[in-house]
file entry27.cif (mmCIF, C-alpha atoms and all ligand atoms)
data_input
#
loop_
_atom_site.label_atom_id
_atom_site.label_comp_id
_atom_site.auth_asym_id
_atom_site.auth_seq_id
_atom_site.Cartn_x
_atom_site.Cartn_y
_atom_site.Cartn_z
CA MET M 1 0.00 0.00 0.00
CA GLU M 2 1.16 3.54 -0.68
CA LEU M 3 0.95 5.73 2.45
CA ARG M 4 0.79 9.38 1.46
CA VAL M 5 1.59 11.39 4.59
CA LEU M 6 1.95 15.12 5.14
CA VAL M 7 4.33 15.90 8.01
CA LEU M 8 3.82 19.22 9.77
CA PRO M 9 6.59 19.36 12.39
CA GLY M 10 5.54 22.82 13.65
CA ASP M 11 7.18 24.42 16.67
CA GLY M 12 9.33 23.61 19.70
CA ILE M 13 9.96 19.89 20.10
CA GLY M 14 7.63 19.10 17.16
CA PRO M 15 10.45 18.60 14.60
CA GLU M 16 12.42 16.27 16.91
CA VAL M 17 9.54 13.98 17.79
CA THR M 18 8.01 13.82 14.29
CA ALA M 19 11.43 12.86 12.87
CA GLU M 20 11.55 9.83 15.20
CA ALA M 21 7.94 8.94 14.47
CA MET M 22 8.52 9.03 10.71
CA GLY M 23 11.59 6.84 11.19
CA VAL M 24 9.37 4.28 12.91
CA LEU M 25 6.74 4.54 10.16
CA ARG M 26 9.39 3.87 7.50
CA ARG M 27 10.71 0.89 9.43
CA VAL M 28 7.23 -0.64 9.70
CA ALA M 29 6.54 0.08 6.04
CA ASP M 30 9.78 -1.69 5.04
CA LEU M 31 8.96 -4.74 7.14
CA PHE M 32 5.35 -5.04 6.04
CA GLY M 33 5.86 -4.14 2.37
CA HIS M 34 4.35 -0.64 2.15
CA PHE M 35 5.67 2.49 0.54
CA VAL M 36 5.77 5.79 2.47
CA HIS M 37 5.37 8.89 0.37
CA ALA M 38 6.02 11.74 2.84
CA VAL M 39 6.08 15.48 2.23
CA ASP M 40 6.89 18.19 4.76
CA GLY M 41 4.88 21.36 5.30
CA LEU M 42 4.71 24.43 7.50
CA ILE M 43 2.30 25.13 10.35
CA GLY M 44 2.17 27.29 13.48
CA GLY M 45 4.90 29.72 14.45
CA ALA M 46 7.31 28.18 11.94
CA ALA M 47 4.78 28.99 9.20
CA ILE M 48 4.18 32.52 10.49
CA GLU M 49 7.91 33.18 10.26
CA ALA M 50 8.50 31.54 6.88
CA ALA M 51 5.24 32.31 5.09
CA GLY M 52 3.37 34.96 7.10
CA ALA M 53 0.41 32.80 8.21
CA PRO M 54 -0.10 29.95 10.73
CA LEU M 55 -1.63 27.72 8.03
CA PRO M 56 -0.37 28.82 4.60
CA PRO M 57 -2.56 27.82 1.62
CA GLU M 58 0.13 25.38 0.43
CA SER M 59 -0.05 23.50 3.74
CA LEU M 60 -3.81 23.30 3.55
CA GLN M 61 -3.69 22.00 -0.02
CA ALA M 62 -1.01 19.48 0.92
CA ALA M 63 -3.18 18.27 3.80
CA ARG M 64 -6.10 17.76 1.42
CA ASP M 65 -3.87 15.91 -1.05
CA ALA M 66 -2.35 13.58 1.57
CA ASP M 67 -4.10 10.54 3.03
CA ALA M 68 -3.10 11.47 6.58
CA VAL M 69 -1.32 14.25 8.44
CA LEU M 70 1.27 13.84 11.21
CA LEU M 71 1.64 16.99 13.27
CA GLY M 72 4.28 17.78 15.89
CA ALA M 73 3.17 20.78 17.95
CA VAL M 74 2.27 24.43 17.53
CA GLY M 75 2.95 27.47 19.71
CA ALA M 76 5.89 29.45 21.02
CA PRO M 77 6.17 32.16 23.69
CA ARG M 78 7.31 34.79 21.18
CA PHE M 79 3.81 34.79 19.64
CA ASP M 80 1.96 35.16 22.94
CA GLY M 81 1.24 38.83 22.31
CA LEU M 82 -0.61 38.21 19.02
CA PRO M 83 -4.41 38.39 18.76
CA PRO M 84 -6.12 34.96 18.70
CA ASP M 85 -6.68 34.92 14.94
CA GLN M 86 -2.96 35.38 14.20
CA ARG M 87 -1.50 32.98 16.73
CA PRO M 88 0.23 29.68 15.82
CA GLU M 89 -2.63 27.72 17.42
CA ARG M 90 -5.04 29.13 14.87
CA GLY M 91 -3.27 27.13 12.17
CA LEU M 92 -4.10 23.90 13.97
CA LEU M 93 -7.72 24.89 14.57
CA ALA M 94 -8.15 25.80 10.89
CA LEU M 95 -6.62 22.49 9.84
CA ARG M 96 -8.90 20.44 12.10
CA GLN M 97 -11.90 22.26 10.67
CA ALA M 98 -10.76 21.99 7.04
CA LEU M 99 -10.16 18.24 7.36
CA GLY M 100 -13.43 17.74 9.23
CA THR M 101 -11.74 15.73 11.97
CA PHE M 102 -14.58 15.99 14.46
CA ALA M 103 -13.59 13.17 16.81
CA ASN M 104 -10.39 13.46 18.81
CA LEU M 105 -9.32 10.20 20.44
CA ARG M 106 -6.95 10.51 23.38
CA PRO M 107 -6.13 7.26 25.14
CA SER M 108 -4.42 7.35 28.53
CA ARG M 109 -3.26 4.33 30.41
CA ALA M 110 -0.91 3.44 33.21
CA TRP M 111 2.06 1.45 31.96
CA PRO M 112 2.92 -1.00 34.80
CA THR M 113 6.57 0.10 34.96
CA LEU M 114 5.77 3.83 34.97
CA LEU M 115 3.49 3.97 38.01
CA ASP M 116 6.12 5.77 40.07
CA ALA M 117 6.39 8.52 37.45
CA SER M 118 2.87 9.68 38.28
CA PRO M 119 2.45 12.04 41.25
CA LEU M 120 -0.63 9.98 42.19
CA LYS M 121 -0.40 6.90 44.41
CA ASN M 122 0.38 3.65 42.59
CA ALA M 123 -2.79 2.06 43.93
CA VAL M 124 -4.87 4.83 42.33
CA VAL M 125 -3.36 4.75 38.85
CA GLU M 126 -2.57 1.05 38.51
CA GLY M 127 -4.68 -0.60 35.81
CA THR M 128 -6.01 2.65 34.38
CA ASP M 129 -6.93 2.35 30.70
CA LEU M 130 -9.27 5.00 29.34
CA LEU M 131 -10.04 6.71 26.07
CA ILE M 132 -11.21 10.29 25.87
CA VAL M 133 -13.37 11.01 22.82
CA ARG M 134 -13.33 14.78 22.51
CA GLU M 135 -15.53 16.64 20.02
CA LEU M 136 -13.03 18.68 18.02
CA THR M 137 -14.57 20.94 15.39
CA SER M 138 -17.36 22.77 17.18
CA GLY M 139 -18.24 24.21 20.59
CA LEU M 140 -16.57 27.23 22.14
CA TYR M 141 -13.50 26.95 19.93
CA TYR M 142 -15.49 27.76 16.80
CA GLY M 143 -18.83 29.28 17.86
CA THR M 144 -19.90 32.70 16.65
CA PRO M 145 -20.40 35.47 17.55
CA ARG M 146 -16.95 35.82 19.07
CA GLY M 147 -14.62 38.70 19.72
CA ILE M 148 -13.77 41.63 21.94
CA THR M 149 -15.68 44.87 21.56
CA GLY M 150 -15.87 48.23 23.29
CA SER M 151 -13.41 49.82 25.65
CA GLY M 152 -13.04 50.94 29.24
CA PRO M 153 -15.10 49.25 31.94
CA GLY M 154 -17.61 48.12 29.31
CA GLU M 155 -15.05 46.32 27.17
CA ARG M 156 -16.61 42.97 26.51
CA ALA M 157 -15.44 39.57 25.29
CA VAL M 158 -17.79 36.98 23.81
CA ASN M 159 -17.41 33.33 22.83
CA THR M 160 -20.30 31.11 21.89
CA LEU M 161 -20.92 27.53 22.98
CA SER M 162 -23.03 26.01 20.24
CA TYR M 163 -23.70 22.42 19.19
CA THR M 164 -26.15 21.01 16.71
CA ARG M 165 -27.85 17.66 17.26
CA GLU M 166 -25.96 16.31 14.26
CA GLU M 167 -22.57 17.35 15.69
CA ILE M 168 -23.32 15.64 18.99
CA GLU M 169 -24.70 12.52 17.38
CA ARG M 170 -21.77 11.80 15.07
CA VAL M 171 -19.13 12.07 17.79
CA ALA M 172 -21.30 10.04 20.17
CA ARG M 173 -21.44 7.24 17.59
CA VAL M 174 -17.65 7.17 17.44
CA ALA M 175 -17.52 6.82 21.24
CA PHE M 176 -20.08 4.01 21.37
CA HIS M 177 -18.46 2.19 18.48
CA LEU M 178 -15.04 2.35 20.11
CA ALA M 179 -16.49 1.23 23.44
CA ARG M 180 -17.54 -2.00 21.72
CA GLY M 181 -13.88 -2.81 21.14
CA ARG M 182 -13.10 -2.08 24.79
CA ARG M 183 -15.02 -2.56 28.05
CA ARG M 184 -18.38 -1.39 26.66
CA HIS M 185 -18.81 1.58 28.93
CA VAL M 186 -19.29 5.21 27.85
CA THR M 187 -19.25 8.07 30.34
CA SER M 188 -20.67 11.25 28.82
CA VAL M 189 -19.42 14.42 30.49
CA ASP M 190 -21.33 17.68 30.51
CA LYS M 191 -22.53 20.56 32.69
CA SER M 192 -26.23 19.97 32.26
CA ASN M 193 -27.08 21.36 35.72
CA VAL M 194 -26.23 24.81 34.31
CA LEU M 195 -25.92 24.87 30.52
CA GLU M 196 -28.69 24.40 27.94
CA ASN M 197 -25.97 23.26 25.60
CA SER M 198 -25.23 20.36 27.91
CA GLN M 199 -28.91 19.53 28.23
CA LEU M 200 -29.08 18.95 24.48
CA TRP M 201 -25.78 17.06 24.65
CA ARG M 202 -27.12 14.69 27.34
CA ARG M 203 -30.43 14.16 25.55
CA VAL M 204 -28.82 13.33 22.19
CA VAL M 205 -26.18 11.05 23.71
CA THR M 206 -28.92 9.17 25.58
CA GLU M 207 -30.84 8.71 22.32
CA VAL M 208 -27.77 7.45 20.47
CA ALA M 209 -27.15 4.97 23.31
CA SER M 210 -30.35 3.12 22.42
CA ASP M 211 -28.63 1.96 19.21
CA TYR M 212 -25.90 0.37 21.35
CA PRO M 213 -27.79 -1.67 23.97
CA ASP M 214 -24.67 -3.71 24.69
CA VAL M 215 -22.82 -0.57 25.85
CA THR M 216 -23.44 0.94 29.31
CA LEU M 217 -23.90 4.71 29.37
CA ASP M 218 -23.54 6.94 32.39
CA HIS M 219 -23.33 10.71 32.72
CA LEU M 220 -21.03 12.81 34.87
CA LEU M 221 -20.92 16.54 35.44
CA VAL M 222 -17.59 17.89 34.30
CA ASP M 223 -16.49 19.16 37.73
CA ASN M 224 -17.15 15.75 39.27
CA CYS M 225 -15.44 14.05 36.33
CA ALA M 226 -12.32 16.14 36.93
CA MET M 227 -12.24 14.80 40.47
CA GLN M 228 -13.08 11.17 39.62
CA LEU M 229 -10.27 11.08 37.06
CA ILE M 230 -7.66 11.32 39.77
CA VAL M 231 -9.60 9.65 42.60
CA ASN M 232 -10.89 6.60 40.76
CA PRO M 233 -9.55 6.55 37.19
CA ARG M 234 -10.29 2.83 36.75
CA ARG M 235 -14.00 3.66 36.71
CA PHE M 236 -13.55 5.09 33.19
CA ASP M 237 -13.50 3.27 29.89
CA VAL M 238 -14.60 5.73 27.16
CA VAL M 239 -15.11 9.37 28.17
CA LEU M 240 -17.23 11.31 25.68
CA THR M 241 -17.26 15.09 25.91
CA GLU M 242 -17.37 18.42 24.11
CA ASN M 243 -14.37 20.33 22.82
CA LEU M 244 -13.23 22.53 25.73
CA PHE M 245 -14.06 20.01 28.48
CA GLY M 246 -12.11 17.40 26.49
CA ASP M 247 -9.14 19.72 26.14
CA ILE M 248 -8.96 20.21 29.89
CA LEU M 249 -9.74 16.65 30.96
CA SER M 250 -7.23 15.13 28.54
CA ASP M 251 -4.32 17.04 30.08
CA GLU M 252 -5.52 15.89 33.48
CA ALA M 253 -5.77 12.28 32.26
CA ALA M 254 -2.18 12.49 31.04
CA VAL M 255 -1.05 12.53 34.67
CA LEU M 256 -2.24 8.92 34.92
CA SER M 257 0.29 7.72 32.37
CA GLY M 258 3.29 9.25 34.14
CA SER M 259 4.08 11.84 31.48
CA ILE M 260 2.11 13.76 28.89
CA GLY M 261 4.96 12.85 26.55
CA MET M 262 3.57 9.29 26.41
CA LEU M 263 0.23 10.24 24.95
CA ALA M 264 -0.77 9.88 21.32
CA SER M 265 -3.89 11.19 19.66
CA ALA M 266 -5.95 10.67 16.55
CA SER M 267 -8.38 13.20 15.13
CA ILE M 268 -10.65 11.53 12.67
CA GLY M 269 -13.52 12.40 10.38
CA GLU M 270 -15.62 10.83 7.67
CA ARG M 271 -14.30 8.64 4.89
CA ARG M 272 -12.97 10.62 1.93
CA SER M 273 -13.40 9.94 -1.79
CA SER M 274 -10.25 7.79 -1.59
CA GLY M 275 -12.15 5.47 0.75
CA LEU M 276 -9.71 6.29 3.56
CA ARG M 277 -10.79 8.04 6.72
CA ALA M 278 -9.65 11.64 7.21
CA GLY M 279 -7.07 11.77 9.96
CA LEU M 280 -4.79 14.19 11.74
CA TYR M 281 -2.38 12.55 14.16
CA GLU M 282 -0.46 14.36 16.86
CA PRO M 283 1.06 13.78 20.27
CA VAL M 284 -0.97 15.36 23.07
CA HIS M 285 2.02 17.23 24.51
CA GLY M 286 2.57 20.76 23.26
CA SER M 287 5.63 22.45 21.80
CA ALA M 288 7.56 22.46 25.14
CA PRO M 289 9.75 25.43 24.16
CA ASP M 290 11.85 25.06 27.33
CA ILE M 291 13.34 21.76 26.14
CA ALA M 292 13.20 22.27 22.35
CA GLY M 293 16.25 21.44 20.27
CA ARG M 294 18.01 19.49 23.06
CA ASN M 295 17.22 15.93 21.97
CA ILE M 296 15.61 15.17 25.34
CA ALA M 297 11.88 15.22 24.50
CA ASN M 298 9.85 12.01 24.73
CA PRO M 299 9.05 10.81 21.19
CA LEU M 300 6.67 8.02 22.27
CA GLY M 301 3.53 10.17 21.99
CA ALA M 302 4.42 11.02 18.40
CA ILE M 303 5.36 7.41 17.67
CA GLY M 304 2.06 6.20 19.14
CA SER M 305 0.30 8.72 16.91
CA VAL M 306 1.80 7.01 13.86
CA ALA M 307 0.39 3.72 15.17
CA ALA M 308 -3.01 5.40 15.39
CA MET M 309 -2.59 6.67 11.80
CA LEU M 310 -1.95 3.14 10.56
CA ALA M 311 -5.03 1.87 12.37
CA TYR M 312 -7.59 4.58 11.73
CA THR M 313 -6.72 5.97 8.29
CA PHE M 314 -4.94 3.07 6.62
CA GLU M 315 -6.73 0.29 8.56
CA LEU M 316 -3.42 -1.55 8.82
CA HIS M 317 -4.05 -3.07 12.23
CA ALA M 318 -1.17 -5.55 12.41
CA GLU M 319 1.22 -2.73 11.55
CA ALA M 320 -0.30 -0.49 14.23
CA ARG M 321 -0.01 -3.26 16.80
CA ALA M 322 3.61 -3.86 15.85
CA ILE M 323 4.38 -0.27 16.83
CA GLU M 324 2.38 -0.46 20.05
CA ALA M 325 4.09 -3.67 21.03
CA ALA M 326 7.48 -2.08 20.32
CA ILE M 327 6.57 0.94 22.47
CA ASP M 328 5.53 -1.37 25.32
CA GLN M 329 8.78 -3.29 25.00
CA VAL M 330 10.90 -0.12 25.11
CA VAL M 331 8.95 1.23 28.10
CA ALA M 332 9.39 -2.06 29.95
CA SER M 333 13.12 -2.04 29.18
CA GLY M 334 13.47 1.33 30.94
CA ARG M 335 14.93 3.22 28.00
CA LEU M 336 13.08 6.41 28.80
CA THR M 337 13.56 10.13 28.31
CA ALA M 338 14.11 12.64 31.11
CA ASP M 339 10.39 13.27 31.67
CA LEU M 340 10.24 9.75 33.10
CA LYS M 341 13.57 9.20 34.86
CA PRO M 342 16.47 11.15 36.33
CA ALA M 343 18.32 13.10 33.64
CA ALA M 344 21.64 11.41 34.38
CA ARG M 345 20.22 7.99 33.44
CA ALA M 346 17.77 9.12 30.77
CA ALA M 347 17.91 8.22 27.08
CA THR M 348 17.79 10.88 24.36
CA THR M 349 14.93 11.45 21.92
CA SER M 350 16.85 9.76 19.11
CA GLU M 351 17.93 6.83 21.30
CA VAL M 352 14.32 6.09 22.23
CA GLY M 353 13.31 6.38 18.55
CA GLN M 354 16.06 3.96 17.58
CA ALA M 355 15.05 1.57 20.36
CA VAL M 356 11.49 1.47 19.04
CA ARG M 357 12.70 0.88 15.49
CA ASP M 358 14.90 -1.95 16.70
CA ALA M 359 12.00 -3.48 18.64
CA ILE M 360 9.59 -3.57 15.70
CA ALA M 361 8.94 -7.20 14.95
CA ALA M 362 8.54 -8.54 11.44
CA PRO M 363 5.01 -9.75 10.58
CA CYS M 364 5.70 -13.48 11.06
CA SER M 365 7.06 -13.17 14.60
CA MET M 366 4.38 -10.72 15.74
CA LEU M 367 2.58 -11.54 18.94
CA PRO M 368 -0.63 -9.66 19.62
CA ALA M 369 -0.17 -6.69 21.93
CA PRO M 370 -1.55 -7.53 25.39
CA ARG M 371 -3.70 -4.43 25.71
CA PRO M 372 -4.18 -2.78 22.34
CA LEU M 373 -4.90 0.90 22.00
CA ILE M 374 -6.63 0.10 18.76
CA PRO M 375 -10.01 -1.54 19.19
CA GLY M 376 -9.80 -4.59 17.01
CA PRO M 377 -9.60 -5.18 13.31
CA ARG M 378 -13.03 -3.97 12.28
CA SER M 379 -13.30 -0.50 10.84
CA LEU M 380 -13.52 2.34 13.28
CA ILE M 381 -16.95 3.73 12.55
CA PRO M 382 -19.68 1.69 10.93
CA ASP M 383 -20.32 2.96 7.44
CA PRO M 384 -23.91 4.04 6.98
C1 LIG W 401 -4.66 20.44 22.27
C2 LIG W 401 -4.10 21.83 22.33
C3 LIG W 401 -4.84 22.70 21.33
C4 LIG W 401 -6.30 22.72 21.74
C5 LIG W 401 -4.27 24.11 21.17
C6 LIG W 401 -2.82 24.09 20.80
C7 LIG W 401 -5.06 24.91 20.17
O1 LIG W 401 -4.17 22.34 23.63
O2 LIG W 401 -4.64 19.83 21.18
O3 LIG W 401 -5.12 19.93 23.29
O4 LIG W 401 -6.69 23.50 22.62
O5 LIG W 401 -7.07 21.95 21.15
MN MN W 402 -4.87 20.88 25.09
#
call {"tool": "encode", "arguments": {"input": "entry27.cif", "output": "structure tokens"}}
result
Amino acid sequence: MELRVLVLPGDGIGPEVTAEAMGVLRRVADLFGHFVHAVDGLIGGAAIEAAGAPLPPESLQAARDADAVLLGAVGAPRFDGLPPDQRPERGLLALRQALGTFANLRPSRAWPTLLDASPLKNAVVEGTDLLIVRELTSGLYYGTPRGITGSGPGERAVNTLSYTREEIERVARVAFHLARGRRRHVTSVDKSNVLENSQLWRRVVTEVASDYPDVTLDHLLVDNCAMQLIVNPRRFDVVLTENLFGDILSDEAAVLSGSIGMLASASIGERRSSGLRAGLYEPVHGSAPDIAGRNIANPLGAIGSVAAMLAYTFELHAEARAIEAAIDQVVASGRLTADLKPAARAATTSEVGQAVRDAIAAPCSMLPAPRPLIPGPRSLIPDP
């Protein structure tokens, strides 16, 4: 199979971690007989500096032409003074919207050998394995009207929290479908004791649930969910929520895995005319400007994102599992970057990337991963 991938390294540690992830993708492609056709593009602060905009038209076109996009990170302190519509982050938001990647999947689990890396007690995090399904192309991030008007004491800022039934329903279906490949439990998170928006959210999710009688649905208010995530994280299987709540809860959930550097994500949409599912893949960590360019960032989140790309866009599940199994093997071996162990004994970004490449098993010797991130070989979302 030909894998046409656009790489958008972006800012900060983005270039370092995407380079390792692409090295892993090429290794898997070699072993399994695929051909990687990769092109590089600009996004974020790097694009503002080189081309005057956070998502130049060439990058957008390249994203449309590729089958899948691997993104590093966007954002740098030197752009903090810019208005929202000119900031590096706006490039990412525009890309998510243009690709229609409405469902953002953010798994977080506790690797058995990393329990001590979490500030939470081992007994709390042990056995955690959850998947946040965050709505990604609507809600407060995109609602209109928006903006700042007036001046003086009456200066006023407005953002709009808006969801249509259709937007709630399609992301809910992704969550229920994925729950079927896991422990068949969806927790929908909202603020329906205060917000009309959440009342519609809860009603539509409850309706969708009737199509999935084999999946248990419960509802949590977002403030309570924030607490339960660090008090009793094992209670969660799939967490379904709107855009801003998902943004906040997914950083919190990262604490369960020991380091946000471990976490991969997939942002997926409908199938395209090629028959492949739209997908934007990125580690959950940000640009981490304080450690950029030092070869010390954790590349495993980016590498896991390539595994997700193979599973969700290319539907190459054995290949995806080969990467996940290699990540598990490297984690168990203790070859970890400085976010997970004392700097004096830590491995570099490129050493961890090399270790994963070395650990990738050829198809014939592949054992199934014990606890796959990817929910089984069937396609991700049932086609209508
Ligand atoms: C994330 C990030 C982005 C978001 C920023 C960079 C726009 O925090 O992917 O979680 O808020 O969605
Ligand atoms: Mn975030």
call {"tool": "closest_residue", "arguments": {"input": "entry27.cif", "among": "M:Val255, M:Val7, M:Val186, M:Leu136", "to": "Leu120 (chain M)", "atoms": "all atoms listed in the file"}}
result
M:Val255
call {"tool": "closest_residue", "arguments": {"input": "entry27.cif", "among": "M:Gly261, M:Gly275, M:Pro299, M:Pro88", "to": "Asp339 (chain M)", "atoms": "only C-alpha atoms"}}
result
M:Gly261
call {"tool": "residues_near_point", "arguments": {"input": "entry27.cif", "point": "(5.7, 3.7, 17.1)", "cutoff": "7 Å", "atoms": "only C-alpha atoms", "output": "list in words"}}
result
Ala21, Val24, Leu300, Ile303, Gly304, Val306, Ala307, Ile323, Glu324, Ala326, Ile327 and Val356 of chain M
call {"tool": "atom_distance", "arguments": {"input": "entry27.cif", "atom1": "CA of Met227 (chain M)", "atom2": "CA of Glu252 (chain M)"}}
result
9.8 Å
call {"tool": "residues_near_ligand", "arguments": {"input": "entry27.cif", "ligand": "ligand LIG 401 (chain W)", "cutoff": "9 Å", "atoms": "all atoms listed in the file", "output": "ChimeraX atom specification"}}
result
/M:73-75,88-93,104,136,141,243-244,246-248,250-251,265,282-287
call {"tool": "axis_aligned_box", "arguments": {"input": "entry27.cif", "around": "region 186-205 of chain M", "padding_each_side": "4 Å", "output": "JSON"}}
result
{"center_x": -24.8, "center_y": 15.0, "center_z": 29.0, "size_x": 19.2, "size_y": 27.7, "size_z": 21.5}
call {"tool": "closest_residue", "arguments": {"input": "entry27.cif", "among": "M:Ala50, M:Ala253, M:Val331, M:Pro363", "to": "ligand MN 402 (chain W)", "atoms": "all atoms listed in the file"}}
result
M:Ala253
call {"tool": "closest_residue", "arguments": {"input": "entry27.cif", "among": "M:Pro84, M:Val5, M:Ala254, M:Ala346", "to": "ligand MN 402 (chain W)", "atoms": "all atoms listed in the file"}}
result
M:Ala254
call {"tool": "residues_around", "arguments": {"input": "entry27.cif", "residues": "Ala68 (chain M)", "least_positions_apart": "3", "cutoff": "8 Å", "atoms": "only C-alpha atoms", "output": "JSON, numbers by chain"}}
result
{"M": [4, 5, 6, 63, 278, 279, 280, 281, 309, 313]}
call {"tool": "closest_residue", "arguments": {"input": "entry27.cif", "among": "M:Met1, M:Leu263, M:Leu229, M:Ala19", "to": "ligand MN 402 (chain W)", "atoms": "only C-alpha atoms and all ligand atoms"}}
result
M:Leu263
call {"tool": "closest_residue", "arguments": {"input": "entry27.cif", "among": "M:Leu310, M:Ala110, M:Ala94, M:Leu71", "to": "Gly41 (chain M)", "atoms": "all atoms listed in the file"}}
result
M:Leu71
call {"tool": "residues_around", "arguments": {"input": "entry27.cif", "residues": "Glu166 (chain M)", "least_positions_apart": "2", "cutoff": "12 Å", "atoms": "only C-alpha atoms", "output": "JSON, numbers by chain"}}
result
{"M": [102, 135, 138, 162, 163, 164, 168, 169, 170, 171, 172, 173, 200, 201, 204, 205, 208]}
call {"tool": "residues_near_point", "arguments": {"input": "entry27.cif", "point": "(1.4, -6.4, 3.2)", "cutoff": "12 Å", "atoms": "only C-alpha atoms", "output": "JSON, numbers by chain"}}
result
{"M": [1, 2, 28, 29, 30, 31, 32, 33, 34, 35, 314, 315, 316, 317, 318, 319, 362, 363, 364]}
call {"tool": "write_last_selection", "arguments": {"input": "entry27.cif", "atoms": "C-alpha atoms", "output": "mmCIF file, keeping the file's coordinate frame"}}
result
data_model
loop_
_atom_site.group_PDB
_atom_site.id
_atom_site.type_symbol
_atom_site.label_atom_id
_atom_site.label_comp_id
_atom_site.auth_asym_id
_atom_site.auth_seq_id
_atom_site.Cartn_x
_atom_site.Cartn_y
_atom_site.Cartn_z
ATOM 1 C CA MET M 1 0.000 0.000 0.000
ATOM 2 C CA GLU M 2 1.160 3.540 -0.680
ATOM 3 C CA VAL M 28 7.230 -0.640 9.700
ATOM 4 C CA ALA M 29 6.540 0.080 6.040
ATOM 5 C CA ASP M 30 9.780 -1.690 5.040
ATOM 6 C CA LEU M 31 8.960 -4.740 7.140
ATOM 7 C CA PHE M 32 5.350 -5.040 6.040
ATOM 8 C CA GLY M 33 5.860 -4.140 2.370
ATOM 9 C CA HIS M 34 4.350 -0.640 2.150
ATOM 10 C CA PHE M 35 5.670 2.490 0.540
ATOM 11 C CA PHE M 314 -4.940 3.070 6.620
ATOM 12 C CA GLU M 315 -6.730 0.290 8.560
ATOM 13 C CA LEU M 316 -3.420 -1.550 8.820
ATOM 14 C CA HIS M 317 -4.050 -3.070 12.230
ATOM 15 C CA ALA M 318 -1.170 -5.550 12.410
ATOM 16 C CA GLU M 319 1.220 -2.730 11.550
ATOM 17 C CA ALA M 362 8.540 -8.540 11.440
ATOM 18 C CA PRO M 363 5.010 -9.750 10.580
ATOM 19 C CA CYS M 364 5.700 -13.480 11.060
#
call {"tool": "atom_distance", "arguments": {"input": "entry27.cif", "atom1": "CA of Gly23 (chain M)", "atom2": "CA of Gln354 (chain M)"}}
result
8.3 Å
call {"tool": "residues_around", "arguments": {"input": "entry27.cif", "residues": "Thr149 (chain M)", "least_positions_apart": "6", "cutoff": "12 Å", "atoms": "only C-alpha atoms", "output": "list in words"}}
result
Glu155, Arg156, Ala157, Val158 and Asn159 of chain M
call {"tool": "build_atoms", "arguments": {"input": "entry27.cif", "residues": "region 102-111 of chain M", "atoms": "N, CA, C and O atoms", "output": "PDB file, keeping the file's coordinate frame"}}
result
ATOM      1  N   PHE M 102     -13.704  15.584  13.351  1.00  0.00           N
ATOM      2  CA  PHE M 102     -14.580  15.990  14.460  1.00  0.00           C
ATOM      3  C   PHE M 102     -14.409  15.162  15.727  1.00  0.00           C
ATOM      4  O   PHE M 102     -14.892  15.541  16.790  1.00  0.00           O
ATOM      5  N   ALA M 103     -13.746  14.029  15.619  1.00  0.00           N
ATOM      6  CA  ALA M 103     -13.590  13.170  16.810  1.00  0.00           C
ATOM      7  C   ALA M 103     -12.117  13.045  17.166  1.00  0.00           C
ATOM      8  O   ALA M 103     -11.317  12.569  16.369  1.00  0.00           O
ATOM      9  N   ASN M 104     -11.773  13.495  18.342  1.00  0.00           N
ATOM     10  CA  ASN M 104     -10.390  13.460  18.810  1.00  0.00           C
ATOM     11  C   ASN M 104     -10.261  12.361  19.863  1.00  0.00           C
ATOM     12  O   ASN M 104     -10.905  12.418  20.905  1.00  0.00           O
ATOM     13  N   LEU M 105      -9.457  11.355  19.550  1.00  0.00           N
ATOM     14  CA  LEU M 105      -9.320  10.200  20.440  1.00  0.00           C
ATOM     15  C   LEU M 105      -8.012  10.337  21.204  1.00  0.00           C
ATOM     16  O   LEU M 105      -6.938  10.426  20.616  1.00  0.00           O
ATOM     17  N   ARG M 106      -8.128  10.354  22.529  1.00  0.00           N
ATOM     18  CA  ARG M 106      -6.950  10.510  23.380  1.00  0.00           C
ATOM     19  C   ARG M 106      -6.912   9.419  24.441  1.00  0.00           C
ATOM     20  O   ARG M 106      -7.501   9.562  25.506  1.00  0.00           O
ATOM     21  N   PRO M 107      -6.228   8.322  24.151  1.00  0.00           N
ATOM     22  CA  PRO M 107      -6.130   7.260  25.140  1.00  0.00           C
ATOM     23  C   PRO M 107      -5.116   7.619  26.226  1.00  0.00           C
ATOM     24  O   PRO M 107      -4.105   8.262  25.949  1.00  0.00           O
ATOM     25  N   SER M 108      -5.400   7.208  27.445  1.00  0.00           N
ATOM     26  CA  SER M 108      -4.420   7.350  28.530  1.00  0.00           C
ATOM     27  C   SER M 108      -4.449   6.079  29.357  1.00  0.00           C
ATOM     28  O   SER M 108      -5.516   5.619  29.746  1.00  0.00           O
ATOM     29  N   ARG M 109      -3.286   5.514  29.561  1.00  0.00           N
ATOM     30  CA  ARG M 109      -3.260   4.330  30.410  1.00  0.00           C
ATOM     31  C   ARG M 109      -2.008   4.331  31.262  1.00  0.00           C
ATOM     32  O   ARG M 109      -1.053   5.043  30.975  1.00  0.00           O
ATOM     33  N   ALA M 110      -2.040   3.520  32.294  1.00  0.00           N
ATOM     34  CA  ALA M 110      -0.910   3.440  33.210  1.00  0.00           C
ATOM     35  C   ALA M 110      -0.048   2.260  32.807  1.00  0.00           C
ATOM     36  O   ALA M 110      -0.437   1.114  32.979  1.00  0.00           O
ATOM     37  N   TRP M 111       1.124   2.529  32.249  1.00  0.00           N
ATOM     38  CA  TRP M 111       2.060   1.450  31.960  1.00  0.00           C
ATOM     39  C   TRP M 111       2.579   0.900  33.303  1.00  0.00           C
ATOM     40  O   TRP M 111       2.974   1.695  34.181  1.00  0.00           O
TER      41      TRP M 111
END
